[in-house]
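**Student:** Structure file coords_9.csv, CSV, C-alpha atoms, is pasted below:
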```csv
chain,number,residue,atom,x,y,z
U,120,MET,CA,11.0,-26.3,-23.7
U,121,ALA,CA,13.0,-25.2,-20.7
U,122,VAL,CA,13.8,-21.9,-22.5
U,123,ALA,CA,10.2,-21.3,-23.3
U,124,HIS,CA,9.1,-21.9,-19.7
U,125,LYS,CA,11.8,-19.4,-18.5
U,126,LEU,CA,10.7,-16.7,-21.0
U,127,LYS,CA,7.1,-17.2,-20.0
U,128,TRP,CA,8.1,-17.0,-16.4
U,129,LYS,CA,10.0,-13.8,-17.0
U,130,ARG,CA,7.1,-12.1,-18.8
U,131,ILE,CA,4.7,-13.0,-16.0
U,132,LEU,CA,7.3,-11.9,-13.4
U,133,ASN,CA,7.5,-8.5,-15.0
U,134,LYS,CA,3.7,-8.3,-15.1
U,135,LEU,CA,3.5,-9.1,-11.4
U,136,LYS,CA,6.1,-6.4,-10.6
U,137,PHE,CA,4.0,-3.9,-12.5
U,138,TYR,CA,0.8,-4.7,-10.7
U,139,HIS,CA,2.5,-4.5,-7.3
U,140,THR,CA,3.8,-1.0,-8.3
U,141,GLU,CA,0.4,0.0,-9.6
U,142,LEU,CA,-1.3,-1.1,-6.4
U,143,GLU,CA,1.2,0.9,-4.2
U,144,SER,CA,0.7,3.9,-6.5
U,145,VAL,CA,-3.1,3.8,-6.3
U,146,LYS,CA,-3.0,3.4,-2.5
U,147,GLU,CA,-0.6,6.3,-2.2
U,148,MET,CA,-2.8,8.4,-4.4
U,149,SER,CA,-5.8,7.6,-2.2
U,150,ARG,CA,-3.9,8.4,1.0
U,151,ALA,CA,-2.6,11.7,-0.3
U,152,ALA,CA,-6.1,12.7,-1.4
U,153,ALA,CA,-7.8,12.0,2.0
U,154,PRO,CA,-7.3,15.4,3.7
U,155,ASP,CA,-8.2,17.2,0.4
U,156,PHE,CA,-11.3,15.2,0.1
U,157,GLN,CA,-12.3,15.9,3.7
U,158,GLU,CA,-11.7,19.7,3.3
U,159,TYR,CA,-13.6,19.8,0.0
U,160,TYR,CA,-16.5,17.8,1.5
U,161,GLU,CA,-16.8,20.2,4.5
U,162,ASN,CA,-16.7,23.3,2.2
U,163,PHE,CA,-19.2,21.8,-0.1
U,164,CYS,CA,-21.6,21.0,2.7
U,165,ALA,CA,-21.2,24.5,4.1
U,166,THR,CA,-21.9,26.1,0.7
U,167,ASN,CA,-25.0,23.9,0.3
U,168,ASN,CA,-26.3,24.4,3.8
U,169,VAL,CA,-25.7,20.7,4.8
U,170,ASP,CA,-25.2,20.2,8.5
U,171,ILE,CA,-22.5,17.5,8.7
U,172,GLN,CA,-22.7,17.1,12.5
U,173,GLN,CA,-26.4,16.6,12.3
U,174,LEU,CA,-26.1,14.1,9.6
U,175,ASN,CA,-23.4,12.2,11.5
U,176,GLN,CA,-25.6,12.1,14.6
U,177,THR,CA,-28.7,11.1,12.8
U,178,HIS,CA,-27.0,8.3,10.9
U,179,LYS,CA,-24.5,7.2,13.5
U,180,ASP,CA,-25.7,3.6,13.4
U,181,ARG,CA,-25.2,3.4,9.7
U,182,LEU,CA,-21.8,5.0,9.9
U,183,SER,CA,-20.7,2.6,12.7
U,184,GLU,CA,-21.9,-0.3,10.6
U,185,LEU,CA,-19.9,0.8,7.6
U,186,TYR,CA,-16.8,1.6,9.6
U,187,GLY,CA,-17.1,-1.2,12.0
U,188,GLN,CA,-16.4,1.2,14.8
U,189,PRO,CA,-17.6,4.6,16.0
U,190,TYR,CA,-17.6,7.0,13.1
U,191,ALA,CA,-14.6,9.3,12.5
U,192,HIS,CA,-13.9,11.8,9.7
U,193,ALA,CA,-11.8,10.6,6.8
U,194,SER,CA,-9.0,12.9,7.9
U,195,ASP,CA,-8.8,11.4,11.5
U,196,ASP,CA,-6.0,9.2,12.5
U,197,ASN,CA,-8.3,6.4,13.6
U,198,GLU,CA,-7.9,3.2,11.6
U,199,SER,CA,-10.7,1.9,9.4
U,200,ASP,CA,-11.4,-0.4,6.6
U,201,VAL,CA,-14.5,0.8,4.9
U,202,ASP,CA,-15.7,-0.8,1.7
U,203,GLY,CA,-19.4,-0.1,1.8
U,204,SER,CA,-20.1,-3.7,0.9
U,205,ASP,CA,-21.3,-3.6,-2.8
U,206,GLU,CA,-21.1,0.1,-2.8
U,207,SER,CA,-18.1,2.3,-3.6
U,208,ALA,CA,-15.9,2.7,-0.6
U,209,ILE,CA,-16.7,5.7,1.6
U,210,VAL,CA,-13.2,6.8,2.4
U,211,VAL,CA,-9.7,5.7,1.7
U,212,HIS,CA,-8.9,2.3,3.2
U,213,LYS,CA,-6.6,2.9,6.1
U,214,ASN,CA,-4.6,0.2,8.0
U,215,PRO,CA,-5.6,-2.5,8.3
U,216,SER,CA,-6.2,-2.0,4.6
U,217,PRO,CA,-7.4,-4.3,1.8
U,218,GLY,CA,-4.0,-3.7,0.2
U,219,TYR,CA,-1.7,-6.6,-0.5
U,220,GLN,CA,-1.1,-7.7,3.1
U,221,GLN,CA,-1.4,-11.4,3.9
U,222,ALA,CA,-0.7,-13.4,7.0
U,223,SER,CA,2.7,-15.1,7.1
U,224,PRO,CA,2.7,-18.8,6.0
U,225,GLU,CA,3.3,-19.8,9.6
U,226,VAL,CA,0.0,-18.1,10.5
U,227,GLU,CA,-1.9,-19.3,7.5
U,228,GLY,CA,-0.7,-22.9,8.1
U,229,LEU,CA,-3.3,-25.4,6.9
U,230,HIS,CA,-5.0,-22.8,4.7
U,231,MET,CA,-2.2,-23.0,2.2
U,232,SER,CA,-2.7,-25.3,-0.8
U,233,GLN,CA,-0.1,-27.9,-1.6
U,234,GLU,CA,1.4,-25.7,-4.4
U,235,GLU,CA,1.4,-22.6,-2.3
U,236,GLN,CA,3.2,-24.6,0.4
U,237,GLU,CA,5.7,-25.8,-2.1
U,238,ILE,CA,6.3,-22.3,-3.4
U,239,HIS,CA,6.7,-21.1,0.1
U,240,ASP,CA,9.3,-23.8,0.9
U,241,VAL,CA,11.2,-23.0,-2.3
U,242,PHE,CA,11.5,-19.3,-1.4
U,243,ALA,CA,12.1,-20.1,2.3
U,244,LYS,CA,15.3,-21.8,1.1
U,245,LEU,CA,16.2,-18.9,-1.1
U,246,PHE,CA,15.7,-16.5,1.9
U,247,LYS,CA,18.0,-18.6,4.0
U,248,LYS,CA,20.6,-18.4,1.3
U,249,ILE,CA,20.3,-14.7,1.3
U,250,ALA,CA,20.5,-14.5,5.1
U,251,LEU,CA,23.7,-16.5,5.1
U,252,VAL,CA,25.3,-13.7,3.1
U,253,VAL,CA,23.7,-10.5,4.5
U,254,HIS,CA,22.3,-11.2,7.9
U,255,PRO,CA,23.9,-8.6,10.3
U,256,ASP,CA,25.4,-11.3,12.5
U,257,ARG,CA,27.2,-12.9,9.5
U,258,ILE,CA,28.7,-9.8,7.9
U,259,ASP,CA,32.5,-10.0,8.1
U,260,SER,CA,34.1,-7.3,10.3
U,261,THR,CA,36.4,-6.3,7.5
U,262,VAL,CA,33.5,-5.1,5.3
U,263,SER,CA,33.4,-1.3,4.9
U,264,GLU,CA,30.7,0.6,6.7
U,265,ASN,CA,28.8,1.6,3.5
U,266,ARG,CA,28.9,-2.0,2.3
U,267,ARG,CA,27.6,-3.2,5.7
U,268,LYS,CA,24.7,-0.8,5.6
U,269,ASP,CA,23.8,-2.0,2.1
U,270,MET,CA,23.9,-5.6,3.2
U,271,ILE,CA,21.8,-5.0,6.3
U,272,SER,CA,19.3,-3.1,4.1
U,273,SER,CA,19.2,-6.1,1.7
U,274,PHE,CA,18.5,-8.4,4.6
U,275,GLN,CA,15.7,-6.2,5.9
U,276,LYS,CA,14.1,-6.0,2.4
U,277,ALA,CA,14.4,-9.7,1.9
U,278,ASN,CA,12.9,-10.4,5.3
U,279,GLN,CA,9.9,-8.1,4.6
U,280,ALA,CA,9.5,-9.5,1.1
U,281,PHE,CA,9.4,-13.1,2.4
U,282,GLU,CA,6.8,-12.2,5.0
U,283,GLU,CA,4.6,-10.4,2.5
U,284,LYS,CA,5.1,-13.1,-0.2
U,285,LYS,CA,6.7,-10.6,-2.6
U,286,TYR,CA,9.0,-13.3,-3.8
U,287,PHE,CA,10.1,-11.4,-6.8
U,288,ILE,CA,12.1,-9.1,-4.5
U,289,LEU,CA,13.9,-12.1,-3.2
U,290,LEU,CA,14.8,-13.0,-6.7
U,291,GLU,CA,16.2,-9.5,-7.4
U,292,ILE,CA,18.2,-9.5,-4.2
U,293,ALA,CA,19.6,-13.0,-4.9
U,294,GLU,CA,20.7,-12.1,-8.4
U,295,ALA,CA,22.4,-9.0,-7.1
U,296,LEU,CA,24.3,-11.2,-4.6
U,297,SER,CA,25.1,-13.8,-7.3
U,298,ILE,CA,23.0,-16.4,-5.4
U,299,SER,CA,21.4,-19.1,-7.5
U,300,THR,CA,17.6,-18.8,-7.8
U,301,PRO,CA,14.9,-21.4,-8.0
U,302,LYS,CA,14.4,-23.0,-11.4
U,303,ASN,CA,10.8,-24.2,-11.0
U,304,TYR,CA,9.6,-21.8,-13.6
U,305,SER,CA,6.3,-23.4,-14.5
U,306,GLN,CA,5.2,-23.7,-10.9
U,307,GLN,CA,6.2,-20.1,-10.1
U,308,SER,CA,4.3,-18.9,-13.2
U,309,ARG,CA,1.1,-20.6,-12.1
U,310,TRP,CA,1.5,-19.1,-8.6
U,311,MET,CA,2.3,-15.6,-10.0
U,312,MET,CA,-0.8,-15.6,-12.3
U,313,LYS,CA,-3.0,-16.3,-9.2
U,314,GLU,CA,-1.3,-13.4,-7.4
U,315,ILE,CA,-1.9,-11.1,-10.3
U,316,VAL,CA,-5.6,-11.8,-10.2
U,317,ILE,CA,-5.7,-11.0,-6.5
U,318,ILE,CA,-3.8,-7.8,-6.9
U,319,GLU,CA,-6.0,-6.7,-9.9
U,320,SER,CA,-9.0,-7.0,-7.6
U,321,LEU,CA,-7.2,-5.0,-4.9
U,322,ILE,CA,-6.4,-2.2,-7.3
U,323,GLU,CA,-10.0,-2.0,-8.4
U,324,CYS,CA,-11.1,-1.9,-4.8
U,325,GLU,CA,-8.8,1.0,-4.0
U,326,LYS,CA,-9.9,2.8,-7.1
U,327,SER,CA,-13.5,2.5,-5.9
U,328,THR,CA,-12.8,4.7,-2.9
U,329,TYR,CA,-14.1,8.2,-2.9
U,330,ASN,CA,-10.6,9.5,-2.0
U,331,PHE,CA,-9.2,8.0,-5.2
U,332,LYS,CA,-12.1,9.2,-7.3
U,333,PHE,CA,-11.7,12.7,-5.8
U,334,ALA,CA,-8.0,12.7,-6.8
U,335,ASP,CA,-9.0,11.6,-10.3
U,336,ARG,CA,-11.5,14.4,-10.8
U,337,GLU,CA,-9.9,17.5,-12.3
U,338,THR,CA,-12.7,20.1,-12.4
U,339,GLY,CA,-14.8,21.7,-9.7
U,340,ASP,CA,-18.0,20.5,-11.4
U,341,GLU,CA,-16.7,16.9,-11.4
U,342,ARG,CA,-15.8,17.1,-7.7
U,343,ASP,CA,-19.2,18.6,-6.8
U,344,THR,CA,-20.9,15.8,-8.6
U,345,LEU,CA,-18.8,13.3,-6.6
U,346,MET,CA,-19.8,15.1,-3.4
U,347,ARG,CA,-23.5,14.7,-4.3
U,348,GLN,CA,-22.9,11.0,-4.9
U,349,PHE,CA,-21.2,10.7,-1.6
U,350,LEU,CA,-23.9,12.4,0.3
U,351,PHE,CA,-26.6,10.4,-1.3
U,352,GLN,CA,-24.8,7.1,-0.8
U,353,LEU,CA,-24.0,7.7,2.8
U,354,PHE,CA,-27.0,9.7,4.0
U,355,LYS,CA,-29.6,9.5,1.2
U,356,VAL,CA,-29.3,13.3,0.9
U,357,GLN,CA,-30.1,14.3,-2.6
U,358,LEU,CA,-28.9,17.8,-3.6
U,359,PRO,CA,-30.0,19.3,-6.9
U,360,GLN,CA,-27.5,19.5,-9.7
U,361,LYS,CA,-26.4,23.0,-10.8
U,362,GLY,CA,-28.9,24.3,-13.3
```
Take the structure I supplied and represent it as structure tokens, if you would.

**Tutor:**
Amino acid sequence: MAVAHKLKWKRILNKLKFYHTELESVKEMSRAAAPDFQEYYENFCATNNVDIQQLNQTHKDRLSELYGQPYAHASDDNESDVDGSDESAIVVHKNPSPGYQQASPEVEGLHMSQEEQEIHDVFAKLFKKIALVVHPDRIDSTVSENRRKDMISSFQKANQAFEEKKYFILLEIAEALSISTPKNYSQQSRWMMKEIVIIESLIECEKSTYNFKFADRETGDERDTLMRQFLFQLFKVQLPQKG
């Protein structure tokens, strides 16, 4: 039975890794498309005699409500987290984003379930084992400079992974350092399945942004249709389709 639990755990672990990678890929695609979306939007409005500044001024209250702050263009550096409630998100989610970012267990405190606390404690111990090997203050002075840099990098990755609850990275680092890893496979599997559900929803949320949709459209007609949808959703401006 122990072997079966480990095999199931490994399959779920690989699935969790995939979803984390997929989320980062989708978020990067949205971020990269933001300036292109903004440029296309401005050109589309100019071609169709749509006064963007007038629309922004007329609908500034709605824009502020959606953005949670004074409105800024999608290409601005101001941070926003727009999801449009039950609508498709207006722009790419910028920091603080709905990406996989959670408060550290110390901040979450009493909000953690018993099993989440147990999982946290297990990986806290694993992190400490890793730190005993690669913490900058514990690296032997005889270690080569390249090896020292690798060890410091491993510590930094482990520290970030622990804070973000990306425990699978701790497992990878521990294995690379020949450090024994937790054997509570069934408990880890249950926790990872919950994480997968959360990450799936975050991926779908990111895919709902107009920036991602813009990047996913390949033809000018498809992008023009998206601009019409955007203008209607945001300003209730309905432009005729090309006849």

**Student:** For region 122-138 of chain U, please output as a PyMOL selection string all residues within 9 Å (counting only C-alpha atoms; exclusion window: fewer than 3 positions along the same chain).

**Tutor:** chain U and resi 141-143+287-288+302-305+307-309+311-312+314-315+318-319+322

**Student:** Expressed in Å to a single decimal, how great is the separation between CA of Met148 (chain U) and CA of Lys313 (chain U)?

**Tutor:**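 Taking CA of Met148 (chain U) and CA of Lys313 (chain U), their separation equals 25.2 Å.
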
**Student:** As an MDAnalysis selection string, please: the residues near Asp340 (chain U) (cut-off 12 Å, all atoms listed in the file, same-chain neighbours under 4 positions excluded).

**Tutor:** chainID U and resid 163 333 336 344:347 360:362

**Student:** Please indicate the distance in Å from CA of Tyr329 (chain U) to CA of Val316 (chain U), rounded to one decimal place.

**Tutor:**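 Atom-to-atom, CA of Tyr329 (chain U) and CA of Val316 (chain U) are spaced 22.9 Å apart.
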
**Student:** Select, from U:Ser260, U:Phe331, U:Asn162, U:Phe246, the residue with the minimum atom-to-atom distance to Phe274 (chain U), counting only C-alpha atoms.

**Tutor:**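 Selected residue with least distance to Phe274 (chain U): U:Phe246.
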
**Student:** Given the choices U:Ala293, U:Gln279, U:Arg266, U:Phe349, which gets closest to Leu251 (chain U) if the distance is worked out from only C-alpha atoms?

**Tutor:**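 Among the listed residues, the smallest separation from Leu251 (chain U) belongs to U:Ala293.
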
**Student:** List every protein, DNA or RNA residue that has an atom no more than 12 Å from (-4.8, 9.8, 0.2) in the file's coordinate frame, counting only C-alpha atoms, and report them as a count of residues only.

**Tutor:** 31

**Student:** Quick one: residues within 12 Å of Thr177 (chain U), only C-alpha atoms, excluding same-chain residues fewer than 5 positions away - as number ranges by chain?

**Tutor:** U: 170-172, 182-183, 190, 353-355

**Student:** May I ask for the distance between CA of Ala243 (chain U) and CA of Asn265 (chain U), given in Å to one decimal place?

**Tutor:** 27.4 Å

**Student:** Show me, as a list in words, the residues that have an atom within 8 Å of Leu245 (chain U) when counting all atoms listed in the file, minus same-chain residues fewer than 5 positions from it.

**Tutor:**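 Returned residues: Leu289, Ala293, Thr300 and Pro301 of chain U.
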